[in-house]
Amino acid sequence: MISYIISKTQLPETSVKNTVELLNQDCTIPFISRYRKEVTGNLDEVQIGDIVKYKEQFEALEKRKAAIIKALEEQDVLTAELKTKVEACTDLTTLEDLYLPYKKKRKTKAETARKNGLEPLAKIIMSQNANDIESISFKYVKGEITSVEDALEGARHIIAEWINERTDVRNNIRKQLERFAIISTKVIKTKAEDEKAQKFRDYFKWEESLSRIPSHRLLAILRAEAEGFIRVKMEIDNESALHKIENKIIRSQNACANQIELAIADAYKRLLFPSLSNEALQIAKDKADASAISVFAKNLKQLLLGSPLGEKRVLAIDPGFRSGCKVVCLDAQGQLKHNENIYPHAPKNDSIGAMNTISTLADTYKIEAIAIGNGTASRETETLIRKIHFKNDMQIFVVSEAGASIYSASKIARDEFPDYDVTVRGSVSIGRRLQDPLAELVKIDAKSIGVGQYQHDVDQSKLQKELDVVVENCVNSVGVNINTASKSLLSYVSGIGPKLAENIFNYRNENGVFSSRNEIKEVPRLGGKAFEQGAAFLRIKDAKNPLDDSAVHPESYKIVGKMAKDLKVTVEDLIGNTTLLQKVNLKNYSTQTVGLLTLEDIIKELEKPGLDIREEAKVFAFNQNIKTINDLEEGQLLPGIVNNITNFGCFVDVGIKESGLIHVSNLSDSFVKDVNAHVHLHQQITVKVLEIDVVRKRIQLKLHK
């Protein structure tokens with residue numbers, strides 16, 4: 001396993017070995033990367049994540065090998081040579097090719113031919129020594145075989161199966177597919193005018209090299225095929241492929257060669273090409289999936305680590321026209337204090353009454369910021385709010401609503417607000433997203449948050465796994481206030497999980513807030529391992545021990561105590577005091593288990609304990625003259641917010657219903673390898689309008705430096 005992981009990651013052997021050992025002890029990625037730096041050789045969470053991935057791959061390969069060996073034993077065909085070959089396999093494709101001749105098959109043409117006693121004839125043909133093959137074949141005309149041609153055809157079916165099972169032949173065609181395969185598409189004529197098909201219009205007739213097709217285009221083509229609008233075809237040069245197989249197999253120029261040539265053509269058309277072209281397409285799909293999942297994961301990370309406003313009192317509005325705007329007031333901890341409806345827009349048009357209501361609520365609940373959902377009627381509501389003369393400075397934010405409706409109808413929302421309807425819950429979610437995006441967004445299925453590329457078309461189990469890792473890493477990199485965190489947020493803390501999160505939540509409700517990290521041990525079923533993995537990521541504000549509100553692990557408290565004692569100050573005096581901390585000689589505190597990497601990390605944390613790694617939220621305003629796509633003009637410069645990133649560019653919200661696209665070619669004057677190197681999610685940028693297609697509702701933009 002260690003060798004396999006090293007071959008895939010190129011990481012040092014000691015690092016891999018020690019990390020695998022920690023993983024086998026049920027240690028989590030955030031814990032290992034933060035608190036076991038000496039053991040891993042300072043690997044970060046991405047490198048540890050790779051070790052986890054290849055460890056699982058290796059284990060899956062070994063499991064499959066064991067299953068194949070067992071099946072071969074049961075068939076009584078397992079030789080020492082075959083067993084050695086199986087055990088030496090380092091990838092699933094080679095393993096499955098080895099097993100192919102022994103795989104239990106459904107009824108095939110070759111199987112029927114064998115039952116009719118034609119295998120000896122097939123062997124004679126394959127020996128390529130017989131010249132008068134027709135008279136030899138005559139001996140096999142009996143039972144269901146009524147003619148020489150029947151006998152030869154049956155023998156060819158057996159030969160075709162042998163050819164199909166040859167690893168060298170299969171690998172040769174694989175190489176050709178890998179290098180030269182062309183994927184082409186054709187519209188299904190009866191669906192060409194279908195309204196839903198129009199978004200796939202570009203692929204009604206398309207042709208491209210499979211090795212060069214971008215991931216987003218392949219996923220779009222496969223979705224169009226799945227929805228029944230186009231047919232997809234795979235092609236290589238068949239003549240060249242057949243010629244290569246013939247060169248490998250045919251060694252004579254007699255009648256046997258003619259039969260083998262026919263068998264090769266049959267094997268290629270009926271068995272090899274359909275199977276291996278599907279395999280090539282699946283490999284391309286897997287790569288496209290990996291690319292799309294990577295894009296989604298990067299977007300999700302940026303979204304979760306979006307700027308929090310922090311503990312401020314917020315008035316949140318879920319805008320609407322006919323049904324009105326749902327308004328809620330939240331305290332600094334996100335608790336609901338008030339809710340009501342206002343009707344400033346058509347058909348009621350009570351803008352004066354709405355403005356008075358908002359002004360009164362702002363005074364009554366000492367509101368410090370206003371969050372407006374970015375859905376229907378958002379711009380009109382924002383314009384209205386900006387007309388109000390508030391007594392105090394008021395920050396106004398437009399907040400993404402993506403996934404708010406899914407949260408509001410979820411069990412989590414019902415448990416949080418059993419006495420309120422979905423409209424209230426949705427508005428609360430909008431307000432809390434402004435206060436702390438991470439704490440609120442973890443309650444929503446990541447696929448519904450509104451970022452990414454074809455996330456519903458990719459392998460869902462792989463996607464879910466990757467997203468869980470991203471959420472876990474984000475939650476643990478920020479840390480969690482154990483006394484205010486929801487069950488959803490607590491469940492992502494290192495070593496905790498859903499069941500312990502519920503136990504923590506229930507313990508808090510029954511016993512009041514936690515006063516120390518030690519008290520966490522009192523939570524039912526939270527044992528020593530869970531405490532070791534999670535305690536440092538759980539913060540306690542105003543605790544007796546100030547280290548309980550820091551990322552310093554409880555196992556290192558004694559070291560910090562010794563540092564303070566040696567400097568003749570209290571731990572409290574040491575925290576945040578850069579002058580004192582610079583006097584600490586780390587070598588004095590280094591032991592076999594705690595090295596300089598950990599000690600440097602402790603000092604860094606003591607300088608700014610519990611520092612939030614996220615940027616502060618910034619106020620932003622769209623161009624107030626732009627309300628719909630019809631207000632746009634080519635050449636305009638507009639403020640915008642990046643709201644999605646893909647491999648082919650990024651989408652930008654310029655304050656209208658449709659997001660505009662900055663294609664990769666318009667992100668920079670030089671070549672763009674990675675879109676994320678030029679923009680990040682929720683970044684406030686200026687864009688230039690290049691092109692407007694009102695009919696297809698598409699807007700092309702350029703990043704304005």
# chains A, B, ... in the order shown; residues from 1 in each chain; ligands from 1

call {"tool": "select_by_dssp", "arguments": {"residues": "stretch 21-91 of chain A", "states": "helix (DSSP H, G or I)", "output": "PyMOL selection string"}}
result
chain A and resi 21-24+29-35+37-40+45-74+80-88

call {"tool": "residues_around", "arguments": {"residues": "A:Pro639", "least_positions_apart": "6", "cutoff": "7 Å", "atoms": "only C-alpha atoms", "output": "number ranges by chain"}}
result
A: 622-623, 654, 685-687

call {"tool": "closest_residue", "arguments": {"among": "A:Lys462, A:Lys705, A:Arg156, A:Lys337", "to": "A:Val424", "atoms": "only C-alpha atoms"}}
result
A:Lys337

call {"tool": "residues_around", "arguments": {"residues": "A:Glu368", "least_positions_apart": "6", "cutoff": "7 Å", "atoms": "only C-alpha atoms", "output": "JSON, numbers by chain"}}
result
{"A": [312, 313, 314, 394, 395]}

call {"tool": "residues_around", "arguments": {"residues": "stretch 162-166 of chain A", "least_positions_apart": "3", "cutoff": "8 Å", "atoms": "only C-alpha atoms", "output": "list in words"}}
result
Asp97, Leu100, Pro101, Ile158, Ile159, Val169, Arg170, Ile264, Ala267, Tyr268, Leu271 and Leu272 of chain A
